file entry.txt (compact mmCIF, C-alpha atoms)
# COMPACT_ATOMS: atom_id res chain seq x y z
CA MET A 1 1.76 54.64 13.98
CA LYS A 2 2.91 51.40 12.38
CA LEU A 3 5.25 51.76 9.40
CA LEU A 4 6.09 48.80 7.17
CA GLN A 5 8.85 49.22 4.59
CA ILE A 6 9.70 46.80 1.77
CA ASN A 7 13.20 46.63 0.28
CA VAL A 8 15.50 44.03 -1.20
CA THR A 9 17.93 44.38 1.75
CA ALA A 10 17.67 45.28 5.43
CA ASN A 11 20.27 47.70 6.83
CA SER A 12 22.70 46.57 4.12
CA GLY A 13 23.88 48.64 1.19
CA SER A 14 22.68 52.18 0.57
CA THR A 15 18.96 51.44 0.15
CA GLY A 16 18.95 49.13 3.16
CA ARG A 17 20.56 51.79 5.33
CA ILE A 18 18.07 54.39 4.09
CA ALA A 19 15.10 52.19 5.08
CA GLU A 20 16.78 51.48 8.43
CA SER A 21 17.24 55.18 9.14
CA ILE A 22 13.63 55.99 8.26
CA GLY A 23 12.54 53.22 10.60
CA ASN A 24 14.78 54.54 13.36
CA ILE A 25 13.23 57.99 13.33
CA PHE A 26 9.80 56.39 13.70
CA LEU A 27 11.04 54.34 16.65
CA ARG A 28 12.50 57.44 18.32
CA ASN A 29 9.08 59.05 18.06
CA GLU A 30 7.54 56.03 19.82
CA HIS A 31 6.02 54.45 16.71
CA GLU A 32 6.46 50.92 15.38
CA SER A 33 8.75 50.03 12.47
CA TYR A 34 8.86 46.87 10.36
CA ILE A 35 11.11 46.12 7.38
CA ALA A 36 10.34 43.29 4.96
CA PHE A 37 13.35 42.25 2.87
CA GLY A 38 14.37 39.72 0.24
CA GLN A 39 18.04 39.02 0.95
CA ASN A 40 21.04 40.36 2.86
CA ALA A 41 20.31 41.74 6.31
CA GLN A 42 22.41 43.33 9.03
CA ASP A 43 21.26 43.86 12.62
CA SER A 44 18.28 46.20 12.67
CA GLN A 45 16.37 48.28 15.20
CA SER A 46 13.19 47.54 13.25
CA GLU A 47 11.38 44.21 13.31
CA LEU A 48 12.50 42.28 10.24
CA ILE A 49 10.36 40.09 7.99
CA LYS A 50 12.19 37.77 5.58
CA ILE A 51 10.50 37.34 2.20
CA GLY A 52 11.17 34.03 0.44
CA SER A 53 14.12 31.64 0.65
CA LYS A 54 17.40 31.13 -1.18
CA LEU A 55 15.65 28.55 -3.37
CA ASP A 56 12.95 31.08 -4.20
CA ASN A 57 15.61 33.66 -5.10
CA TYR A 58 17.31 31.08 -7.31
CA ILE A 59 14.11 30.16 -9.15
CA HIS A 60 13.31 33.85 -9.60
CA GLY A 61 16.79 34.29 -11.05
CA LEU A 62 16.22 31.49 -13.55
CA LYS A 63 12.93 33.02 -14.69
CA THR A 64 14.73 36.31 -15.13
CA ARG A 65 17.66 34.84 -17.03
CA PHE A 66 15.65 32.66 -19.44
CA PHE A 67 12.40 34.61 -19.82
CA ASP A 68 13.28 38.21 -18.88
CA ARG A 69 10.41 38.28 -16.39
CA HIS A 70 12.09 39.86 -13.42
CA GLY A 71 9.51 40.78 -10.81
CA PHE A 72 7.02 38.17 -11.99
CA ALA A 73 8.15 35.18 -9.92
CA SER A 74 8.14 34.62 -6.11
CA LYS A 75 4.33 34.48 -6.03
CA LYS A 76 4.21 32.24 -2.95
CA ALA A 77 6.76 34.41 -1.12
CA THR A 78 4.77 37.55 -1.90
CA LYS A 79 1.54 35.95 -0.67
CA TYR A 80 3.37 35.15 2.58
CA LEU A 81 4.37 38.84 2.82
CA ILE A 82 0.74 39.88 2.37
CA GLY A 83 -0.23 37.55 5.21
CA GLU A 84 2.33 39.29 7.41
CA ILE A 85 1.03 42.71 6.37
CA ASN A 86 -2.47 41.67 7.37
CA LYS A 87 -1.16 40.60 10.78
CA ILE A 88 0.70 43.88 11.34
CA GLN A 89 -2.06 46.14 9.99
CA PRO A 90 0.37 48.99 9.15
CA ASP A 91 -0.84 52.58 8.98
CA ALA A 92 1.51 53.28 6.07
CA ILE A 93 3.71 51.31 3.68
CA GLY A 94 7.04 52.45 2.29
CA LEU A 95 8.40 50.87 -0.87
CA HIS A 96 12.03 50.95 -1.94
CA ASN A 97 13.77 48.61 -4.43
CA LEU A 98 11.24 46.04 -5.60
CA HIS A 99 13.73 44.33 -7.90
CA GLY A 100 16.17 41.79 -6.49
CA TYR A 101 14.61 38.35 -7.14
CA TYR A 102 12.15 38.36 -4.24
CA LEU A 103 8.74 39.84 -5.16
CA HIS A 104 5.83 39.27 -7.53
CA LEU A 105 4.83 42.77 -8.57
CA GLU A 106 1.24 42.06 -9.55
CA VAL A 107 0.41 40.16 -6.37
CA LEU A 108 1.84 42.99 -4.26
CA PHE A 109 0.17 45.84 -6.13
CA ASN A 110 -3.18 44.09 -6.34
CA TYR A 111 -3.09 44.01 -2.54
CA LEU A 112 -2.05 47.67 -2.31
CA LYS A 113 -4.81 48.76 -4.72
CA ASN A 114 -7.40 46.72 -2.84
CA ASN A 115 -6.34 48.44 0.39
CA GLN A 116 -5.99 52.04 -0.73
CA HIS A 117 -6.86 53.29 2.75
CA ILE A 118 -3.18 52.48 3.52
CA PRO A 119 -1.04 55.29 2.06
CA VAL A 120 2.03 54.20 0.09
CA VAL A 121 5.28 56.17 -0.21
CA TRP A 122 7.49 54.75 -2.97
CA THR A 123 11.11 55.88 -3.01
CA LEU A 124 12.68 55.31 -6.42
CA HIS A 125 16.39 54.57 -6.20
CA ASP A 126 16.77 53.89 -9.93
CA CYS A 127 14.75 53.84 -13.17
CA TRP A 128 13.64 50.19 -13.17
CA PRO A 129 10.00 50.89 -12.13
CA PHE A 130 9.27 52.65 -15.43
CA THR A 131 11.33 50.61 -17.93
CA GLY A 132 10.80 47.25 -19.56
CA HIS A 133 14.08 45.87 -18.29
CA CYS A 134 16.98 48.09 -17.22
CA ILE A 135 17.66 50.09 -14.07
CA HIS A 136 19.57 52.81 -15.96
CA PHE A 137 19.61 53.87 -19.60
CA SER A 138 21.42 57.23 -19.76
CA ASP A 139 24.79 55.81 -20.79
CA GLU A 140 23.10 53.85 -23.58
CA GLY A 141 21.20 56.93 -24.71
CA CYS A 142 17.97 54.92 -24.92
CA GLU A 143 14.67 56.80 -24.71
CA LYS A 144 12.21 54.01 -25.54
CA TRP A 145 10.92 54.13 -21.94
CA LYS A 146 9.21 57.44 -22.75
CA THR A 147 6.81 55.73 -25.15
CA HIS A 148 7.14 51.94 -25.07
CA CYS A 149 10.09 49.64 -24.40
CA GLU A 150 10.86 46.92 -26.95
CA ASN A 151 13.96 45.28 -28.45
CA CYS A 152 15.89 46.29 -25.35
CA PRO A 153 19.60 46.94 -26.00
CA LEU A 154 20.38 46.31 -22.31
CA THR A 155 19.13 42.77 -21.68
CA HIS A 156 22.76 41.85 -20.92
CA THR A 157 22.72 44.21 -17.92
CA TYR A 158 21.08 43.64 -14.53
CA PRO A 159 18.65 41.96 -14.29
CA LYS A 160 20.44 39.93 -16.97
CA SER A 161 18.50 37.84 -19.47
CA PHE A 162 19.32 35.73 -22.51
CA PHE A 163 16.14 36.91 -24.21
CA ASP A 164 14.22 40.16 -24.57
CA ASN A 165 10.75 40.48 -23.06
CA SER A 166 10.88 44.24 -22.48
CA HIS A 167 7.71 44.93 -24.48
CA LYS A 168 5.54 42.77 -22.20
CA ASN A 169 7.37 43.90 -19.06
CA PHE A 170 6.67 47.52 -19.96
CA GLU A 171 2.98 46.79 -20.62
CA ASP A 172 2.61 44.92 -17.34
CA LYS A 173 4.47 47.48 -15.22
CA ARG A 174 2.44 50.35 -16.68
CA ARG A 175 -0.79 48.51 -15.93
CA ILE A 176 0.27 47.35 -12.45
CA PHE A 177 2.02 50.47 -11.16
CA THR A 178 -0.52 53.08 -12.28
CA GLY A 179 -3.99 53.75 -10.89
CA HIS A 180 -3.27 53.79 -7.16
CA SER A 181 -5.14 56.74 -5.62
CA ASN A 182 -3.11 56.92 -2.40
CA LEU A 183 0.51 56.65 -3.57
CA ILE A 184 3.21 59.30 -3.62
CA ILE A 185 6.64 58.95 -5.23
CA VAL A 186 9.87 60.21 -3.68
CA THR A 187 13.06 60.72 -5.69
CA PRO A 188 16.49 61.51 -4.20
CA SER A 189 17.32 64.04 -6.92
CA ARG A 190 15.72 66.60 -9.21
CA TRP A 191 17.27 64.74 -12.14
CA LEU A 192 15.33 61.55 -11.40
CA LYS A 193 12.14 63.54 -10.77
CA LYS A 194 12.40 64.96 -14.29
CA LEU A 195 12.64 61.45 -15.71
CA VAL A 196 9.66 60.20 -13.72
CA ASN A 197 7.64 63.15 -15.02
CA LYS A 198 8.28 61.88 -18.56
CA SER A 199 7.30 58.29 -17.73
CA PHE A 200 3.99 56.48 -17.24
CA LEU A 201 4.30 57.33 -13.51
CA LYS A 202 3.94 61.06 -14.22
CA ASN A 203 0.39 61.32 -12.85
CA TYR A 204 1.56 60.62 -9.31
CA LYS A 205 2.66 63.39 -6.97
CA ILE A 206 6.47 63.40 -6.87
CA LYS A 207 8.53 64.84 -4.03
CA VAL A 208 12.32 65.22 -3.90
CA ILE A 209 14.01 64.16 -0.66
CA GLN A 210 17.76 63.80 -0.98
CA ASN A 211 19.39 60.85 0.73
CA GLY A 212 20.76 61.46 4.18
CA VAL A 213 24.19 60.67 5.62
CA ASP A 214 24.94 59.91 9.26
CA LEU A 215 27.15 62.92 9.98
CA LYS A 216 28.15 61.51 13.37
CA GLN A 217 29.76 58.51 11.67
CA PHE A 218 30.89 60.11 8.41
CA ARG A 219 32.97 62.96 9.76
CA ILE A 220 36.35 64.65 9.62
CA LEU A 221 38.73 62.71 11.85
CA ASN A 222 40.96 64.61 14.23
CA LYS A 223 43.93 62.47 13.24
CA ARG A 224 44.44 61.34 9.68
CA GLU A 225 46.07 57.94 9.34
CA ALA A 226 49.60 57.93 7.97
CA ASN A 227 49.98 57.21 4.27
CA ASP A 228 52.92 54.83 3.92
CA SER A 229 53.28 55.44 0.19
CA ASN A 230 53.48 59.23 0.59
CA LYS A 231 51.39 59.44 -2.55
CA LYS A 232 48.25 61.46 -3.12
CA ILE A 233 45.27 59.16 -2.65
CA VAL A 234 42.52 59.12 -5.31
CA LEU A 235 39.61 57.16 -3.87
CA GLY A 236 36.66 55.41 -5.51
CA VAL A 237 33.94 53.47 -3.67
CA ALA A 238 31.09 51.28 -4.94
CA SER A 239 29.11 48.38 -3.54
CA VAL A 240 29.36 46.73 -6.97
CA TRP A 241 31.80 47.92 -9.62
CA GLU A 242 30.58 47.73 -13.19
CA GLU A 243 30.90 49.68 -16.41
CA ARG A 244 28.25 52.28 -15.58
CA LYS A 245 30.00 52.94 -12.25
CA GLY A 246 33.14 53.88 -14.14
CA LEU A 247 35.56 51.04 -13.44
CA ASN A 248 37.09 51.24 -16.92
CA ASP A 249 37.36 55.00 -16.57
CA PHE A 250 39.43 54.51 -13.41
CA ILE A 251 41.76 52.21 -15.36
CA LYS A 252 42.13 54.90 -18.02
CA LEU A 253 42.60 57.56 -15.35
CA SER A 254 45.44 55.57 -13.77
CA LYS A 255 47.38 55.98 -17.03
CA GLU A 256 46.88 59.74 -17.10
CA LEU A 257 47.84 60.63 -13.54
CA PRO A 258 51.47 61.29 -12.52
CA VAL A 259 53.35 58.68 -10.49
CA GLU A 260 52.79 60.57 -7.23
CA TYR A 261 49.10 59.58 -7.32
CA GLN A 262 47.70 56.30 -5.97
CA ILE A 263 44.21 55.16 -6.97
CA VAL A 264 42.39 53.10 -4.31
CA LEU A 265 39.13 51.35 -5.22
CA ILE A 266 36.87 49.85 -2.53
CA GLY A 267 34.29 47.24 -3.53
CA ILE A 268 36.40 45.30 -6.04
CA ASN A 269 35.68 41.56 -6.36
CA LYS A 270 38.30 38.85 -6.90
CA SER A 271 37.85 38.50 -10.65
CA GLN A 272 38.04 42.26 -11.17
CA LYS A 273 41.18 42.48 -9.05
CA LYS A 274 43.02 40.15 -11.44
CA ASN A 275 42.39 42.52 -14.36
CA LEU A 276 43.39 45.74 -12.64
CA PRO A 277 46.78 47.35 -13.31
CA GLN A 278 49.27 47.44 -10.46
CA THR A 279 48.83 51.20 -10.25
CA ILE A 280 45.39 50.61 -8.69
CA LYS A 281 45.04 49.30 -5.14
CA ALA A 282 41.97 47.05 -4.86
CA ILE A 283 40.01 46.55 -1.64
CA SER A 284 37.03 44.24 -1.20
CA ARG A 285 33.57 45.53 -0.35
CA THR A 286 33.09 46.31 3.32
CA GLU A 287 30.11 46.95 5.60
CA ASP A 288 32.51 48.42 8.18
CA ILE A 289 31.63 52.11 8.22
CA SER A 290 34.62 53.02 10.40
CA GLU A 291 36.94 51.58 7.74
CA LEU A 292 35.19 53.60 5.03
CA VAL A 293 35.48 56.77 7.09
CA LYS A 294 39.23 56.23 7.50
CA TRP A 295 39.64 55.88 3.74
CA TYR A 296 37.48 58.93 3.00
CA ASN A 297 39.66 60.93 5.38
CA GLN A 298 42.90 59.57 4.00
CA ALA A 299 41.93 60.41 0.42
CA ASP A 300 43.10 63.67 -1.11
CA VAL A 301 40.26 63.55 -3.60
CA PHE A 302 37.23 61.34 -4.14
CA VAL A 303 36.44 60.48 -7.76
CA ASN A 304 32.98 59.41 -8.92
CA PRO A 305 33.12 58.60 -12.65
CA SER A 306 29.63 57.09 -12.68
CA LYS A 307 27.58 58.18 -15.69
CA GLU A 308 24.32 57.21 -14.03
CA GLU A 309 23.71 58.35 -10.47
CA THR A 310 20.22 58.84 -9.09
CA PHE A 311 21.90 60.47 -6.09
CA GLY A 312 25.45 59.40 -5.25
CA MET A 313 25.58 58.29 -1.62
CA VAL A 314 29.35 57.69 -1.66
CA THR A 315 29.86 61.22 -2.98
CA ALA A 316 27.85 62.64 -0.09
CA GLU A 317 29.73 60.44 2.39
CA ALA A 318 33.08 61.64 1.06
CA MET A 319 32.01 65.28 1.36
CA ALA A 320 30.82 64.67 4.92
CA CYS A 321 34.39 63.55 5.66
CA GLY A 322 35.74 66.78 4.19
CA THR A 323 37.02 65.21 0.96
CA PRO A 324 36.60 67.18 -2.30
CA VAL A 325 35.06 65.40 -5.29
CA ALA A 326 35.84 65.12 -8.98
CA GLY A 327 33.13 63.60 -11.13
CA TYR A 328 31.03 63.77 -14.26
CA ASN A 329 28.55 66.50 -15.01
CA ALA A 330 25.83 63.91 -15.57
CA THR A 331 22.65 62.75 -13.87
CA ALA A 332 22.56 63.73 -10.17
CA THR A 333 26.27 64.25 -9.46
CA SER A 334 26.22 67.94 -10.38
CA GLU A 335 23.44 68.49 -7.81
CA LEU A 336 25.78 67.34 -5.05
CA VAL A 337 29.11 68.88 -6.09
CA SER A 338 29.48 72.67 -6.13
CA ASN A 339 32.41 74.77 -7.34
CA SER A 340 33.56 75.15 -3.75
CA THR A 341 33.55 71.39 -3.06
CA GLY A 342 35.10 69.95 -6.22
CA LYS A 343 34.87 69.84 -9.99
CA VAL A 344 32.67 68.15 -12.57
CA VAL A 345 33.64 67.49 -16.19
CA LYS A 346 32.06 66.11 -19.34
CA PRO A 347 31.25 62.37 -19.01
CA GLY A 348 33.98 60.16 -20.42
CA ASP A 349 36.56 62.96 -20.77
CA ILE A 350 39.45 61.28 -18.97
CA ASP A 351 41.91 64.07 -19.73
CA LYS A 352 39.65 66.65 -18.10
CA LEU A 353 38.97 64.30 -15.19
CA ALA A 354 42.72 63.93 -14.61
CA GLU A 355 43.11 67.71 -14.80
CA ALA A 356 40.35 68.10 -12.20
CA VAL A 357 42.06 65.64 -9.85
CA ILE A 358 45.41 67.38 -10.20
CA SER A 359 43.87 70.84 -9.83
CA ILE A 360 42.02 69.90 -6.64
CA THR A 361 45.02 68.24 -5.01
CA ASP A 362 47.61 70.78 -6.14
CA LYS A 363 45.77 73.61 -4.45
CA GLU A 364 45.92 71.94 -1.07
CA ASP A 365 43.10 74.35 -0.24
CA LYS A 366 41.96 73.86 3.35
CA LYS A 367 38.70 75.55 2.39
CA TYR A 368 37.77 72.44 0.41
CA LYS A 369 37.58 70.45 3.63
CA ILE A 370 35.48 73.09 5.38
CA ASN A 371 33.24 73.69 2.35
CA CYS A 372 32.60 69.97 1.82
CA ARG A 373 31.61 69.45 5.44
CA ASP A 374 29.42 72.57 5.44
CA ARG A 375 27.60 71.44 2.30
CA ALA A 376 27.05 67.97 3.76
CA GLU A 377 25.64 69.47 6.95
CA THR A 378 23.33 71.73 4.94
CA LEU A 379 22.03 69.22 2.41
CA PHE A 380 22.76 65.65 3.51
CA ASP A 381 22.22 65.51 7.28
CA GLN A 382 20.19 62.34 7.72
CA GLU A 383 18.39 63.78 10.73
CA ASP A 384 16.97 66.50 8.48
CA ARG A 385 16.30 64.27 5.47
CA PHE A 386 14.65 61.45 7.40
CA THR A 387 12.63 64.01 9.34
CA ASP A 388 11.40 65.05 5.89
CA TYR A 389 10.25 61.45 5.41
CA TYR A 390 8.63 61.40 8.84
CA ASN A 391 6.76 64.62 8.09
CA LEU A 392 5.69 63.25 4.71
CA TYR A 393 4.20 60.15 6.32
CA GLN A 394 2.43 62.32 8.89
CA LYS A 395 1.01 64.41 6.07
CA VAL A 396 -0.28 61.50 3.98
CA LEU A 397 -1.88 59.93 7.04
CA ASN A 398 -3.73 63.17 7.74
call {"tool": "encode", "arguments": {"input": "entry.txt", "output": "structure tokens"}}
result
Amino acid sequence: MKLLQINVTANSGSTGRIAESIGNIFLRNEHESYIAFGQNAQDSQSELIKIGSKLDNYIHGLKTRFFDRHGFASKKATKYLIGEINKIQPDAIGLHNLHGYYLHLEVLFNYLKNNQHIPVVWTLHDCWPFTGHCIHFSDEGCEKWKTHCENCPLTHTYPKSFFDNSHKNFEDKRRIFTGHSNLIIVTPSRWLKKLVNKSFLKNYKIKVIQNGVDLKQFRILNKREANDSNKKIVLGVASVWEERKGLNDFIKLSKELPVEYQIVLIGINKSQKKNLPQTIKAISRTEDISELVKWYNQADVFVNPSKEETFGMVTAEAMACGTPVAGYNATATSELVSNSTGKVVKPGDIDKLAEAVISITDKEDKKYKINCRDRAETLFDQEDRFTDYYNLYQKVLN
């Protein structure tokens, strides 16, 4: 079998690593794996296909910023991709994030619809496929996507635009994305599946496959590194910190926690670091998994104050390292965190979040470590989850 996956990144970031892992399980079963990507690639076991150039990404960005037409540039780059697909002749195609300044949606889906003998498995990692602009809307409380997007209140968010074209984007996406007779949608959480079932994608079959974590890499270390500050470590991790990820909530939390607590945030950029209080230790984004594992193990509690999580990969990684979690009872977080592995509180309630952090760390309950690892092994073992993908592809091909 030949599998071709399309994603904005290759083996970089959470979606890139997911595509890489799916490809790896195909390779182990003596199949062929190809990954086509737009930008940012790490070494891969799959054969990589670069879509477009930096100039193409830049032009796509300009069209997004000035016309709010994200996903409707990069026509030449997408035609090149189609040429590569024709050369490979894949038996199945896996889609991941199609946003990211690298694809022309209509060119791609016209090809897919004209070749419906090739089954398509589309993993949704956010809500962008069924909105007129945004990738998330829960924090805004917007429900226009259920009927028809217009006058978008989130044009200032990724993919940022000076103007609003959400009405046309919604019309075009609904027309382009629907009507494929051989396409199945995968969501990483029941929460996202419920949203898709209320969108214009509801007529597709939808399957939930939670994201998988490499439990051989993300593990409980035999020896925990010494903490020079002797403070209790409250850890937060994100590839990109922004409002919806809870950066401001961490700043508020730092004012509520006693002095014996130290907040450490990984993924902070230089400009953000300047605006953080001294009570928060800022660390730049890293692709070094061993460094992340050390921090997960050193942390006394992992905090995820994101109000919009389609899954929560960093939460699952922390639990795999035996670290209990405090987070918000919103979107998919409550599907990951149980009473025996942490606590969830009402979104935005900083006082309750601080109480949860203190409660978890004051107990010094060794069962937390065991329970977190057990839950990760039960639900988030990538070998199991990516075998689910492998079996799904086998099923659609048959």
call {"tool": "atom_distance", "arguments": {"input": "entry.txt", "atom1": "atom CA of A:Phe130", "atom2": "atom CA of A:Arg244"}}
result
19.0 Å
call {"tool": "closest_residue", "arguments": {"input": "entry.txt", "among": "A:Trp191, A:Trp295, A:Phe250, A:Tyr204", "to": "A:Arg219", "atoms": "all atoms listed in the file"}}
result
A:Trp295
call {"tool": "atom_distance", "arguments": {"input": "entry.txt", "atom1": "atom CA of A:Lys79", "atom2": "atom CA of A:Leu108"}}
result
7.9 Å
call {"tool": "closest_residue", "arguments": {"input": "entry.txt", "among": "A:Asn371, A:Tyr393, A:Val234, A:Val213", "to": "A:Leu353", "atoms": "all atoms listed in the file"}}
result
A:Val234
call {"tool": "residues_near_point", "arguments": {"input": "entry.txt", "point": "(6.3, 40.8, -22.9)", "cutoff": "10 Å", "atoms": "only C-alpha atoms", "output": "list in words"}}
result
Phe67, Asp68, Arg69, Gly132, Cys149, Glu150, Asp164, Asn165, Ser166, His167, Lys168, Asn169, Phe170, Glu171 and Asp172 of chain A
call {"tool": "axis_aligned_box", "arguments": {"input": "entry.txt", "around": "stretch 243-254 of chain A", "padding_each_side": "4 Å", "output": "lines of an AutoDock Vina configuration file"}}
result
center_x = 36.8
center_y = 53.6
center_z = -15.1
size_x = 25.2
size_y = 15.9
size_z = 13.8
call {"tool": "residues_around", "arguments": {"input": "entry.txt", "residues": "A:Ile22", "least_positions_apart": "4", "cutoff": "7 Å", "atoms": "only C-alpha atoms", "output": "ChimeraX atom specification"}}
result
/A:18,26,386
call {"tool": "closest_residue", "arguments": {"input": "entry.txt", "among": "A:Leu183, A:Ala92, A:Ala19, A:Val8", "to": "A:Gln39", "atoms": "all atoms listed in the file"}}
result
A:Val8
call {"tool": "residues_near_point", "arguments": {"input": "entry.txt", "point": "(30.6, 66.0, 9.2)", "cutoff": "6 Å", "atoms": "only C-alpha atoms", "output": "ChimeraX atom specification"}}
result
/A:215,218-220,320-321,373
call {"tool": "atom_distance", "arguments": {"input": "entry.txt", "atom1": "atom CA of A:Val240", "atom2": "atom CA of A:Tyr296"}}
result
17.7 Å
call {"tool": "residues_around", "arguments": {"input": "entry.txt", "residues": "A:Tyr34", "least_positions_apart": "3", "cutoff": "9 Å", "atoms": "only C-alpha atoms", "output": "number ranges by chain"}}
result
A: 2-6, 23, 46-49, 88, 90
call {"tool": "residues_around", "arguments": {"input": "entry.txt", "residues": "A:Lys369", "least_positions_apart": "2", "cutoff": "10 Å", "atoms": "all atoms listed in the file", "output": "MDAnalysis selection string"}}
result
chainID A and resid 220 297 300 319:324 340:341 364:367 371:374
call {"tool": "closest_residue", "arguments": {"input": "entry.txt", "among": "A:Cys142, A:Leu379, A:Val325, A:Ile358", "to": "A:Asn304", "atoms": "only C-alpha atoms"}}
result
A:Val325
call {"tool": "residues_around", "arguments": {"input": "entry.txt", "residues": "stretch 269-278 of chain A", "least_positions_apart": "2", "cutoff": "12 Å", "atoms": "all atoms listed in the file", "output": "list in words"}}
result
Ala238, Ser239, Val240, Trp241, Glu242, Glu243, Leu247, Asn248, Asp249, Phe250, Ile251, Lys252, Leu253, Ser254, Lys255, Val259, Gln262, Ile263, Val264, Leu265, Ile266, Gly267, Ile280, Lys281, Ala282, Ile283, Ser284, Arg285 and Thr286 of chain A
call {"tool": "write_last_selection", "arguments": {"input": "entry.txt", "atoms": "C-alpha atoms", "output": "compact mmCIF listing (two decimals), keeping the file's coordinate frame"}}
result
# COMPACT_ATOMS: atom_id res chain seq x y z
CA ALA A 238 31.09 51.28 -4.94
CA SER A 239 29.11 48.38 -3.54
CA VAL A 240 29.36 46.73 -6.97
CA TRP A 241 31.80 47.92 -9.62
CA GLU A 242 30.58 47.73 -13.19
CA GLU A 243 30.90 49.68 -16.41
CA LEU A 247 35.56 51.04 -13.44
CA ASN A 248 37.09 51.24 -16.92
CA ASP A 249 37.36 55.00 -16.57
CA PHE A 250 39.43 54.51 -13.41
CA ILE A 251 41.76 52.21 -15.36
CA LYS A 252 42.13 54.90 -18.02
CA LEU A 253 42.60 57.56 -15.35
CA SER A 254 45.44 55.57 -13.77
CA LYS A 255 47.38 55.98 -17.03
CA VAL A 259 53.35 58.68 -10.49
CA GLN A 262 47.70 56.30 -5.97
CA ILE A 263 44.21 55.16 -6.97
CA VAL A 264 42.39 53.10 -4.31
CA LEU A 265 39.13 51.35 -5.22
CA ILE A 266 36.87 49.85 -2.53
CA GLY A 267 34.29 47.24 -3.53
CA ILE A 280 45.39 50.61 -8.69
CA LYS A 281 45.04 49.30 -5.14
CA ALA A 282 41.97 47.05 -4.86
CA ILE A 283 40.01 46.55 -1.64
CA SER A 284 37.03 44.24 -1.20
CA ARG A 285 33.57 45.53 -0.35
CA THR A 286 33.09 46.31 3.32
call {"tool": "closest_residue", "arguments": {"input": "entry.txt", "among": "A:Lys245, A:His99, A:Lys50, A:Lys76", "to": "A:Gly312", "atoms": "only C-alpha atoms"}}
result
A:Lys245
call {"tool": "residues_around", "arguments": {"input": "entry.txt", "residues": "A:Asn110", "least_positions_apart": "3", "cutoff": "12 Å", "atoms": "only C-alpha atoms", "output": "MDAnalysis selection string"}}
result
chainID A and resid 78:79 82 104:107 113:116 175:180
call {"tool": "closest_residue", "arguments": {"input": "entry.txt", "among": "A:Asp139, A:Glu20, A:Asp126, A:Asp91", "to": "A:Ser306", "atoms": "only C-alpha atoms"}}
result
A:Asp139
